[in-house]
Amino acid sequence: GLRPRRIEPYALSVQDEGTFFHDAVRAFLSQSKDDLNRIGIPTAEARMDLIADGLLDLMASQGPLGDSAVALAERRRLKATARTCAAVLAEHMRGSRFSTAALETDFGVEDGMARLTVNAVSGACTLEGRIDRIDEWAEGGYLRVIDYKRGGKPLALDEAWHGLSLQLPVYLAAATRKRREQSAGVYYFPLDEGILTTQSTDPGDVEKARLDSFRLNGLAPDDMDLLQAQSPNFTQ
(Lines give C-alpha, C1' and ligand atoms only; values in the text may rest on other atoms or scores of the structure.)
Protein backbone atom coordinates (compact mmCIF):
# COMPACT_ATOMS: atom_id res chain seq x y z
CA GLY A 1 0.00 0.00 0.00
CA LEU A 2 0.90 3.64 0.06
CA ARG A 3 3.02 4.99 2.86
CA PRO A 4 4.79 8.31 3.51
CA ARG A 5 8.49 8.44 2.75
CA ARG A 6 10.83 11.00 4.27
CA ILE A 7 12.73 13.04 1.70
CA GLU A 8 16.25 13.81 2.86
CA PRO A 9 17.53 17.30 2.02
CA TYR A 10 19.74 17.39 -1.08
CA ALA A 11 22.83 18.91 0.50
CA LEU A 12 26.58 18.43 0.74
CA SER A 13 27.46 15.94 3.50
CA VAL A 14 30.65 15.12 5.37
CA GLN A 15 30.82 11.89 3.38
CA ASP A 16 30.57 13.83 0.11
CA GLU A 17 33.45 16.07 1.15
CA GLY A 18 35.58 13.10 2.19
CA THR A 19 34.96 11.36 -1.13
CA PHE A 20 35.84 14.53 -3.06
CA PHE A 21 39.13 15.07 -1.22
CA HIS A 22 40.18 11.42 -1.51
CA ASP A 23 39.39 11.38 -5.23
CA ALA A 24 41.16 14.71 -5.81
CA VAL A 25 44.33 13.72 -3.96
CA ARG A 26 44.42 10.30 -5.62
CA ALA A 27 44.07 11.84 -9.09
CA PHE A 28 46.71 14.49 -8.30
CA LEU A 29 49.22 11.90 -7.10
CA SER A 30 48.52 9.67 -10.11
CA GLN A 31 49.19 12.55 -12.49
CA SER A 32 52.26 13.67 -10.52
CA LYS A 33 53.91 10.31 -10.08
CA ASP A 34 56.92 11.19 -12.25
CA ASP A 35 57.57 14.78 -11.17
CA LEU A 36 56.11 15.45 -7.72
CA ASN A 37 59.58 15.57 -6.14
CA ARG A 38 60.61 18.54 -8.27
CA ILE A 39 57.54 20.59 -9.27
CA GLY A 40 56.88 23.99 -7.74
CA ILE A 41 53.81 25.05 -5.80
CA PRO A 42 52.22 27.05 -8.70
CA THR A 43 52.42 23.98 -10.95
CA ALA A 44 50.93 21.77 -8.25
CA GLU A 45 48.09 24.22 -7.62
CA ALA A 46 47.28 24.57 -11.33
CA ARG A 47 47.23 20.79 -11.77
CA MET A 48 44.90 20.36 -8.80
CA ASP A 49 42.60 23.14 -10.02
CA LEU A 50 41.92 21.18 -13.23
CA ILE A 51 41.27 17.99 -11.26
CA ALA A 52 39.02 19.71 -8.74
CA ASP A 53 37.00 21.45 -11.47
CA GLY A 54 36.27 18.11 -13.13
CA LEU A 55 35.16 16.47 -9.89
CA LEU A 56 33.09 19.47 -8.82
CA ASP A 57 31.39 19.68 -12.22
CA LEU A 58 30.34 16.04 -11.76
CA MET A 59 29.07 16.76 -8.26
CA ALA A 60 27.06 19.70 -9.62
CA SER A 61 25.43 17.69 -12.41
CA GLN A 62 24.93 14.35 -10.65
CA GLY A 63 25.46 14.95 -6.96
CA PRO A 64 24.88 17.30 -4.04
CA LEU A 65 26.16 20.55 -5.58
CA GLY A 66 23.88 22.78 -7.59
CA ASP A 67 24.04 26.33 -8.85
CA SER A 68 22.70 28.15 -5.80
CA ALA A 69 24.75 30.82 -4.05
CA VAL A 70 25.43 28.41 -1.17
CA ALA A 71 26.54 25.66 -3.58
CA LEU A 72 28.88 28.05 -5.39
CA ALA A 73 30.43 29.09 -2.06
CA GLU A 74 30.91 25.43 -1.10
CA ARG A 75 32.54 24.80 -4.47
CA ARG A 76 35.04 27.62 -3.91
CA ARG A 77 35.82 26.28 -0.43
CA LEU A 78 36.37 22.71 -1.62
CA LYS A 79 38.52 23.82 -4.53
CA ALA A 80 40.65 26.09 -2.33
CA THR A 81 41.21 23.28 0.17
CA ALA A 82 42.20 20.85 -2.59
CA ARG A 83 44.61 23.45 -3.96
CA THR A 84 46.22 23.87 -0.54
CA CYS A 85 46.59 20.10 -0.20
CA ALA A 86 48.35 19.93 -3.57
CA ALA A 87 50.75 22.71 -2.59
CA VAL A 88 51.59 20.95 0.67
CA LEU A 89 52.05 17.59 -1.06
CA ALA A 90 54.54 19.19 -3.44
CA GLU A 91 56.31 20.88 -0.52
CA HIS A 92 56.49 17.59 1.42
CA MET A 93 57.99 15.66 -1.49
CA ARG A 94 60.43 18.25 -2.83
CA GLY A 95 63.91 16.72 -2.67
CA SER A 96 62.69 13.57 -0.92
CA ARG A 97 64.22 10.23 -1.82
CA PHE A 98 60.76 8.68 -1.45
CA SER A 99 58.18 8.59 -4.22
CA THR A 100 54.59 7.40 -4.40
CA ALA A 101 54.61 3.69 -5.19
CA ALA A 102 50.95 2.68 -4.76
CA LEU A 103 47.53 4.24 -4.16
CA GLU A 104 44.46 2.58 -2.64
CA THR A 105 46.19 -0.75 -1.99
CA ASP A 106 43.95 -3.58 -0.78
CA PHE A 107 45.22 -6.23 1.62
CA GLY A 108 43.62 -9.42 2.88
CA VAL A 109 43.18 -13.05 1.91
CA GLU A 110 44.49 -12.34 -1.59
CA ASP A 111 47.98 -11.83 -0.10
CA GLY A 112 48.38 -15.54 0.61
CA MET A 113 51.24 -16.29 2.98
CA ALA A 114 51.85 -12.55 3.44
CA ARG A 115 48.36 -11.88 4.80
CA LEU A 116 47.84 -10.57 8.32
CA THR A 117 45.99 -12.83 10.76
CA VAL A 118 44.89 -12.61 14.38
CA ASN A 119 43.87 -15.46 16.65
CA ALA A 120 40.16 -15.27 17.49
CA VAL A 121 38.01 -17.60 19.60
CA SER A 122 36.79 -19.34 16.46
CA GLY A 123 40.28 -19.58 14.95
CA ALA A 124 42.60 -17.50 12.79
CA CYS A 125 41.04 -14.37 11.30
CA THR A 126 42.48 -12.53 8.28
CA LEU A 127 42.59 -8.75 8.48
CA GLU A 128 41.41 -6.84 5.42
CA GLY A 129 41.58 -3.18 4.48
CA ARG A 130 42.67 -0.54 2.02
CA ILE A 131 45.78 1.66 2.36
CA ASP A 132 45.42 5.17 0.92
CA ARG A 133 49.05 5.62 -0.09
CA ILE A 134 52.41 3.86 0.05
CA ASP A 135 55.61 5.82 -0.59
CA GLU A 136 58.81 3.94 -1.36
CA TRP A 137 62.53 4.55 -1.27
CA ALA A 138 63.40 1.74 -3.65
CA GLU A 139 67.19 2.07 -3.36
CA GLY A 140 67.05 1.95 0.41
CA GLY A 141 64.43 -0.78 0.62
CA TYR A 142 62.07 1.30 2.79
CA LEU A 143 58.42 2.27 2.59
CA ARG A 144 56.08 4.53 4.53
CA VAL A 145 52.30 4.42 4.79
CA ILE A 146 50.19 7.59 4.61
CA ASP A 147 46.49 7.74 5.44
CA TYR A 148 44.35 10.77 4.62
CA LYS A 149 42.43 12.18 7.55
CA ARG A 150 39.87 14.97 7.78
CA GLY A 151 39.46 16.14 11.36
CA GLY A 152 39.85 13.92 14.40
CA LYS A 153 42.72 13.54 16.81
CA PRO A 154 46.36 12.67 15.99
CA LEU A 155 47.82 9.22 16.49
CA ALA A 156 49.16 8.69 20.02
CA LEU A 157 51.90 6.15 20.64
CA ASP A 158 50.49 5.08 24.02
CA GLU A 159 47.08 4.36 22.47
CA ALA A 160 48.70 2.27 19.74
CA TRP A 161 50.80 0.43 22.33
CA HIS A 162 47.72 -0.49 24.39
CA GLY A 163 45.73 -1.57 21.36
CA LEU A 164 43.33 1.37 21.37
CA SER A 165 44.38 2.86 18.02
CA LEU A 166 45.56 0.16 15.65
CA GLN A 167 44.47 1.30 12.18
CA LEU A 168 47.81 2.81 11.10
CA PRO A 169 50.01 0.10 12.70
CA VAL A 170 47.91 -2.56 10.94
CA TYR A 171 48.27 -0.73 7.62
CA LEU A 172 52.04 -0.53 8.10
CA ALA A 173 52.33 -4.21 9.00
CA ALA A 174 50.26 -5.18 5.96
CA ALA A 175 52.32 -2.99 3.60
CA THR A 176 55.72 -4.23 4.81
CA ARG A 177 54.61 -7.87 4.54
CA LYS A 178 53.01 -7.37 1.15
CA ARG A 179 55.94 -5.48 -0.41
CA ARG A 180 58.74 -7.08 1.65
CA GLU A 181 60.36 -3.78 2.59
CA GLN A 182 61.39 -2.13 5.85
CA SER A 183 59.34 0.46 7.69
CA ALA A 184 60.02 4.18 7.43
CA GLY A 185 57.00 5.04 9.54
CA VAL A 186 53.25 5.51 9.24
CA TYR A 187 51.51 8.88 9.12
CA TYR A 188 48.25 10.79 8.83
CA PHE A 189 48.01 13.54 6.21
CA PRO A 190 45.37 16.14 7.18
CA LEU A 191 42.81 17.12 4.53
CA ASP A 192 41.88 20.44 6.09
CA GLU A 193 41.40 24.04 5.00
CA GLY A 194 44.57 25.26 6.70
CA ILE A 195 42.63 27.94 8.58
CA LEU A 196 44.63 29.14 11.59
CA THR A 197 44.09 31.08 14.77
CA THR A 198 47.11 33.33 15.16
CA GLN A 199 48.00 36.74 16.51
CA SER A 200 50.73 37.30 13.92
CA THR A 201 50.16 39.61 10.95
CA ASP A 202 53.45 38.72 9.27
CA PRO A 203 52.75 36.79 6.02
CA GLY A 204 55.89 34.69 6.45
CA ASP A 205 54.94 33.64 9.98
CA VAL A 206 51.39 32.85 8.90
CA GLU A 207 52.58 30.74 5.95
CA LYS A 208 55.01 28.83 8.16
CA ALA A 209 52.25 28.15 10.70
CA ARG A 210 49.94 27.02 7.91
CA LEU A 211 52.49 24.55 6.55
CA ASP A 212 53.16 23.30 10.09
CA SER A 213 49.44 22.55 10.44
CA PHE A 214 49.77 20.14 7.50
CA ARG A 215 52.75 18.33 9.02
CA LEU A 216 52.54 14.56 8.73
CA ASN A 217 51.54 13.07 12.08
CA GLY A 218 52.28 9.51 13.10
CA LEU A 219 54.97 7.07 14.16
CA ALA A 220 58.44 7.83 12.78
CA PRO A 221 61.67 5.82 13.07
CA ASP A 222 64.45 6.92 15.42
CA ASP A 223 66.89 7.27 12.54
CA MET A 224 67.95 10.76 11.43
CA ASP A 225 69.36 9.57 8.09
CA LEU A 226 66.07 7.86 7.26
CA LEU A 227 64.05 10.89 8.35
CA GLN A 228 66.15 13.18 6.17
CA ALA A 229 65.73 10.78 3.26
CA GLN A 230 61.99 11.35 3.65
CA SER A 231 62.38 15.12 3.95
CA PRO A 232 65.63 17.02 3.46
CA ASN A 233 64.17 19.83 5.59
CA PHE A 234 63.35 17.55 8.53
CA THR A 235 65.72 19.32 10.94
CA GLN A 236 63.90 22.59 10.20
# chains A, B, ... in the order shown; residues from 1 in each chain; ligands from 1
>>> residues_around(residues="A:Pro64", least_positions_apart="4", cutoff="8 Å", atoms="only C-alpha atoms", output="list in words")
Tyr10, Ala11, Leu12, Asp16, Met59 and Ala60 of chain A
>>> residues_around(residues="stretch 80-82 of chain A", least_positions_apart="4", cutoff="8 Å", atoms="only C-alpha atoms", output="PyMOL selection string")
chain A and resi 21+24-25+48-49+52+76+86+191-194
>>> select_by_dssp(residues="stretch 123-180 of chain A", states="alpha helix (DSSP H)", output="PyMOL selection string")
chain A and resi 157-161+167-179
>>> write_last_selection(atoms="N, CA and C atoms", output="short mmCIF file (atom, residue, chain, number, x, y, z; two decimals), in the first residue's frame")
data_model
loop_
_atom_site.label_atom_id
_atom_site.label_comp_id
_atom_site.auth_asym_id
_atom_site.auth_seq_id
_atom_site.Cartn_x
_atom_site.Cartn_y
_atom_site.Cartn_z
N LEU A 157 51.14 7.37 20.50
CA LEU A 157 51.90 6.15 20.64
C LEU A 157 51.37 5.27 21.77
N ASP A 158 50.98 5.89 22.90
CA ASP A 158 50.49 5.08 24.02
C ASP A 158 49.19 4.37 23.66
N GLU A 159 48.32 5.02 22.88
CA GLU A 159 47.08 4.36 22.47
C GLU A 159 47.36 3.20 21.53
N ALA A 160 48.33 3.37 20.63
CA ALA A 160 48.70 2.27 19.74
C ALA A 160 49.31 1.11 20.54
N TRP A 161 50.14 1.45 21.51
CA TRP A 161 50.80 0.43 22.33
C TRP A 161 49.79 -0.41 23.09
N GLN A 167 44.66 1.22 13.63
CA GLN A 167 44.47 1.30 12.18
C GLN A 167 45.80 1.51 11.44
N LEU A 168 46.55 2.55 11.80
CA LEU A 168 47.81 2.81 11.10
C LEU A 168 48.85 1.70 11.30
N PRO A 169 49.06 1.21 12.54
CA PRO A 169 50.01 0.10 12.70
C PRO A 169 49.64 -1.13 11.87
N VAL A 170 48.34 -1.42 11.76
CA VAL A 170 47.91 -2.56 10.94
C VAL A 170 48.22 -2.30 9.47
N TYR A 171 47.95 -1.07 9.00
CA TYR A 171 48.27 -0.73 7.62
C TYR A 171 49.76 -0.90 7.34
N LEU A 172 50.59 -0.44 8.28
CA LEU A 172 52.04 -0.53 8.10
C LEU A 172 52.49 -1.99 8.06
N ALA A 173 51.96 -2.79 8.97
CA ALA A 173 52.33 -4.21 9.00
C ALA A 173 51.92 -4.90 7.70
N ALA A 174 50.73 -4.57 7.20
CA ALA A 174 50.26 -5.18 5.96
C ALA A 174 51.14 -4.76 4.78
N ALA A 175 51.51 -3.48 4.72
CA ALA A 175 52.32 -2.99 3.60
C ALA A 175 53.72 -3.61 3.60
N THR A 176 54.36 -3.68 4.76
CA THR A 176 55.72 -4.23 4.81
C THR A 176 55.73 -5.72 4.48
N ARG A 177 54.70 -6.44 4.89
CA ARG A 177 54.61 -7.87 4.54
C ARG A 177 54.33 -8.05 3.05
N LYS A 178 53.43 -7.23 2.54
CA LYS A 178 53.01 -7.37 1.15
C LYS A 178 54.14 -7.03 0.19
N ARG A 179 54.90 -5.97 0.51
CA ARG A 179 55.94 -5.48 -0.41
C ARG A 179 57.34 -5.91 0.00
#
>>> residues_around(residues="A:Thr126", least_positions_apart="6", cutoff="8 Å", atoms="only C-alpha atoms", output="list in words")
Gly108, Val109, Arg115, Leu116, Thr117 and Val118 of chain A
>>> closest_residue(among="A:Met93, A:Ala229, A:Leu56, A:Cys85", to="A:Asp34", atoms="only C-alpha atoms")
A:Met93
>>> closest_residue(among="A:Leu72, A:Leu127, A:Ala184, A:Leu36", to="A:Gly140", atoms="only C-alpha atoms")
A:Ala184
>>> atom_distance(atom1="atom CA of A:Arg150", atom2="atom CA of A:Asp67")
25.6 Å
>>> atom_distance(atom1="atom CA of A:Glu207", atom2="atom CA of A:Ala220")
24.6 Å
>>> residues_around(residues="A:Ala87", least_positions_apart="4", cutoff="7 Å", atoms="only C-alpha atoms", output="MDAnalysis selection string")
chainID A and resid 41 44:45 83 91
>>> atom_distance(atom1="atom CA of A:Gly129", atom2="atom CA of A:Asp147")
12.0 Å
>>> select_by_dssp(residues="stretch 7-201 of chain A", states="strand (DSSP E or B)", output="count of residues only")
43
>>> closest_residue(among="A:Leu58, A:Ala27, A:Ala69, A:Leu219", to="A:Pro154", atoms="only C-alpha atoms")
A:Leu219
>>> closest_residue(among="A:Glu181, A:Asp53, A:Asp23, A:Glu139", to="A:Glu104", atoms="only C-alpha atoms")
A:Asp23
>>> closest_residue(among="A:Arg26, A:Leu50, A:Asp57, A:Ser96", to="A:Asp225", atoms="only C-alpha atoms")
A:Ser96
>>> decode(residues="stretch 40-53 of chain A", atoms="all heavy atoms", output="PDB file, in the first residue's frame")
ATOM      1  N   GLY A  40      57.106  22.890  -8.657  1.00  0.00           N
ATOM      2  CA  GLY A  40      56.876  23.995  -7.743  1.00  0.00           C
ATOM      3  C   GLY A  40      55.424  24.071  -7.318  1.00  0.00           C
ATOM      4  O   GLY A  40      54.540  23.415  -7.888  1.00  0.00           O
ATOM      5  N   ILE A  41      55.164  24.903  -6.332  1.00  0.00           N
ATOM      6  CA  ILE A  41      53.814  25.045  -5.802  1.00  0.00           C
ATOM      7  C   ILE A  41      52.833  25.566  -6.857  1.00  0.00           C
ATOM      8  O   ILE A  41      51.714  25.046  -6.964  1.00  0.00           O
ATOM      9  CB  ILE A  41      53.828  25.923  -4.545  1.00  0.00           C
ATOM     10  CG1 ILE A  41      54.452  25.142  -3.382  1.00  0.00           C
ATOM     11  CG2 ILE A  41      52.416  26.385  -4.175  1.00  0.00           C
ATOM     12  CD1 ILE A  41      54.557  25.923  -2.085  1.00  0.00           C
ATOM     13  N   PRO A  42      53.183  26.592  -7.676  1.00  0.00           N
ATOM     14  CA  PRO A  42      52.221  27.053  -8.699  1.00  0.00           C
ATOM     15  C   PRO A  42      51.798  25.936  -9.663  1.00  0.00           C
ATOM     16  O   PRO A  42      50.624  25.842 -10.031  1.00  0.00           O
ATOM     17  CB  PRO A  42      52.987  28.155  -9.427  1.00  0.00           C
ATOM     18  CG  PRO A  42      53.961  28.666  -8.405  1.00  0.00           C
ATOM     19  CD  PRO A  42      54.386  27.454  -7.644  1.00  0.00           C
ATOM     20  N   THR A  43      52.746  25.092 -10.062  1.00  0.00           N
ATOM     21  CA  THR A  43      52.416  23.982 -10.954  1.00  0.00           C
ATOM     22  C   THR A  43      51.486  23.000 -10.271  1.00  0.00           C
ATOM     23  O   THR A  43      50.513  22.514 -10.869  1.00  0.00           O
ATOM     24  CB  THR A  43      53.697  23.258 -11.403  1.00  0.00           C
ATOM     25  OG1 THR A  43      54.543  24.179 -12.088  1.00  0.00           O
ATOM     26  CG2 THR A  43      53.375  22.088 -12.316  1.00  0.00           C
ATOM     27  N   ALA A  44      51.779  22.687  -9.003  1.00  0.00           N
ATOM     28  CA  ALA A  44      50.931  21.765  -8.252  1.00  0.00           C
ATOM     29  C   ALA A  44      49.518  22.326  -8.103  1.00  0.00           C
ATOM     30  O   ALA A  44      48.528  21.599  -8.265  1.00  0.00           O
ATOM     31  CB  ALA A  44      51.542  21.496  -6.879  1.00  0.00           C
ATOM     32  N   GLU A  45      49.412  23.607  -7.800  1.00  0.00           N
ATOM     33  CA  GLU A  45      48.092  24.220  -7.621  1.00  0.00           C
ATOM     34  C   GLU A  45      47.299  24.226  -8.931  1.00  0.00           C
ATOM     35  O   GLU A  45      46.097  23.928  -8.937  1.00  0.00           O
ATOM     36  CB  GLU A  45      48.258  25.638  -7.097  1.00  0.00           C
ATOM     37  CG  GLU A  45      48.767  25.701  -5.660  1.00  0.00           C
ATOM     38  CD  GLU A  45      48.985  27.114  -5.174  1.00  0.00           C
ATOM     39  OE1 GLU A  45      49.192  28.021  -6.021  1.00  0.00           O
ATOM     40  OE2 GLU A  45      48.953  27.328  -3.947  1.00  0.00           O
ATOM     41  N   ALA A  46      47.964  24.553 -10.038  1.00  0.00           N
ATOM     42  CA  ALA A  46      47.276  24.575 -11.333  1.00  0.00           C
ATOM     43  C   ALA A  46      46.796  23.175 -11.717  1.00  0.00           C
ATOM     44  O   ALA A  46      45.685  23.001 -12.252  1.00  0.00           O
ATOM     45  CB  ALA A  46      48.199  25.140 -12.411  1.00  0.00           C
ATOM     46  N   ARG A  47      47.614  22.182 -11.450  1.00  0.00           N
ATOM     47  CA  ARG A  47      47.233  20.792 -11.766  1.00  0.00           C
ATOM     48  C   ARG A  47      46.027  20.371 -10.942  1.00  0.00           C
ATOM     49  O   ARG A  47      45.091  19.750 -11.454  1.00  0.00           O
ATOM     50  CB  ARG A  47      48.431  19.880 -11.501  1.00  0.00           C
ATOM     51  CG  ARG A  47      48.240  18.440 -11.945  1.00  0.00           C
ATOM     52  CD  ARG A  47      49.543  17.673 -11.779  1.00  0.00           C
ATOM     53  NE  ARG A  47      50.589  18.193 -12.666  1.00  0.00           N
ATOM     54  CZ  ARG A  47      51.861  17.782 -12.623  1.00  0.00           C
ATOM     55  NH1 ARG A  47      52.238  16.871 -11.732  1.00  0.00           N
ATOM     56  NH2 ARG A  47      52.743  18.277 -13.462  1.00  0.00           N
ATOM     57  N   MET A  48      46.032  20.717  -9.662  1.00  0.00           N
ATOM     58  CA  MET A  48      44.904  20.356  -8.802  1.00  0.00           C
ATOM     59  C   MET A  48      43.643  21.119  -9.190  1.00  0.00           C
ATOM     60  O   MET A  48      42.538  20.576  -9.100  1.00  0.00           O
ATOM     61  CB  MET A  48      45.247  20.608  -7.337  1.00  0.00           C
ATOM     62  CG  MET A  48      44.105  20.307  -6.371  1.00  0.00           C
ATOM     63  SD  MET A  48      43.518  18.573  -6.441  1.00  0.00           S
ATOM     64  CE  MET A  48      44.612  17.804  -5.233  1.00  0.00           C
ATOM     65  N   ASP A  49      43.781  22.369  -9.613  1.00  0.00           N
ATOM     66  CA  ASP A  49      42.602  23.139 -10.024  1.00  0.00           C
ATOM     67  C   ASP A  49      41.842  22.429 -11.146  1.00  0.00           C
ATOM     68  O   ASP A  49      40.600  22.366 -11.136  1.00  0.00           O
ATOM     69  CB  ASP A  49      43.017  24.536 -10.491  1.00  0.00           C
ATOM     70  CG  ASP A  49      43.277  25.488  -9.328  1.00  0.00           C
ATOM     71  OD1 ASP A  49      42.906  25.150  -8.185  1.00  0.00           O
ATOM     72  OD2 ASP A  49      43.871  26.566  -9.578  1.00  0.00           O
ATOM     73  N   LEU A  50      42.568  21.888 -12.127  1.00  0.00           N
ATOM     74  CA  LEU A  50      41.923  21.178 -13.233  1.00  0.00           C
ATOM     75  C   LEU A  50      41.215  19.918 -12.735  1.00  0.00           C
ATOM     76  O   LEU A  50      40.094  19.606 -13.156  1.00  0.00           O
ATOM     77  CB  LEU A  50      42.959  20.809 -14.294  1.00  0.00           C
ATOM     78  CG  LEU A  50      43.561  21.986 -15.078  1.00  0.00           C
ATOM     79  CD1 LEU A  50      44.661  21.483 -16.007  1.00  0.00           C
ATOM     80  CD2 LEU A  50      42.492  22.720 -15.871  1.00  0.00           C
ATOM     81  N   ILE A  51      41.870  19.200 -11.815  1.00  0.00           N
ATOM     82  CA  ILE A  51      41.271  17.986 -11.260  1.00  0.00           C
ATOM     83  C   ILE A  51      40.025  18.329 -10.460  1.00  0.00           C
ATOM     84  O   ILE A  51      38.966  17.694 -10.608  1.00  0.00           O
ATOM     85  CB  ILE A  51      42.297  17.251 -10.374  1.00  0.00           C
ATOM     86  CG1 ILE A  51      43.448  16.706 -11.225  1.00  0.00           C
ATOM     87  CG2 ILE A  51      41.633  16.122  -9.580  1.00  0.00           C
ATOM     88  CD1 ILE A  51      44.628  16.214 -10.416  1.00  0.00           C
ATOM     89  N   ALA A  52      40.141  19.334  -9.594  1.00  0.00           N
ATOM     90  CA  ALA A  52      39.018  19.712  -8.742  1.00  0.00           C
ATOM     91  C   ALA A  52      37.835  20.182  -9.571  1.00  0.00           C
ATOM     92  O   ALA A  52      36.679  19.832  -9.276  1.00  0.00           O
ATOM     93  CB  ALA A  52      39.451  20.792  -7.758  1.00  0.00           C
ATOM     94  N   ASP A  53      38.091  20.970 -10.617  1.00  0.00           N
ATOM     95  CA  ASP A  53      36.996  21.452 -11.466  1.00  0.00           C
ATOM     96  C   ASP A  53      36.227  20.288 -12.087  1.00  0.00           C
ATOM     97  O   ASP A  53      34.988  20.300 -12.146  1.00  0.00           O
ATOM     98  CB  ASP A  53      37.542  22.361 -12.570  1.00  0.00           C
ATOM     99  CG  ASP A  53      37.823  23.773 -12.079  1.00  0.00           C
ATOM    100  OD1 ASP A  53      37.211  24.183 -11.078  1.00  0.00           O
ATOM    101  OD2 ASP A  53      38.661  24.456 -12.698  1.00  0.00           O
TER     102      ASP A  53
END
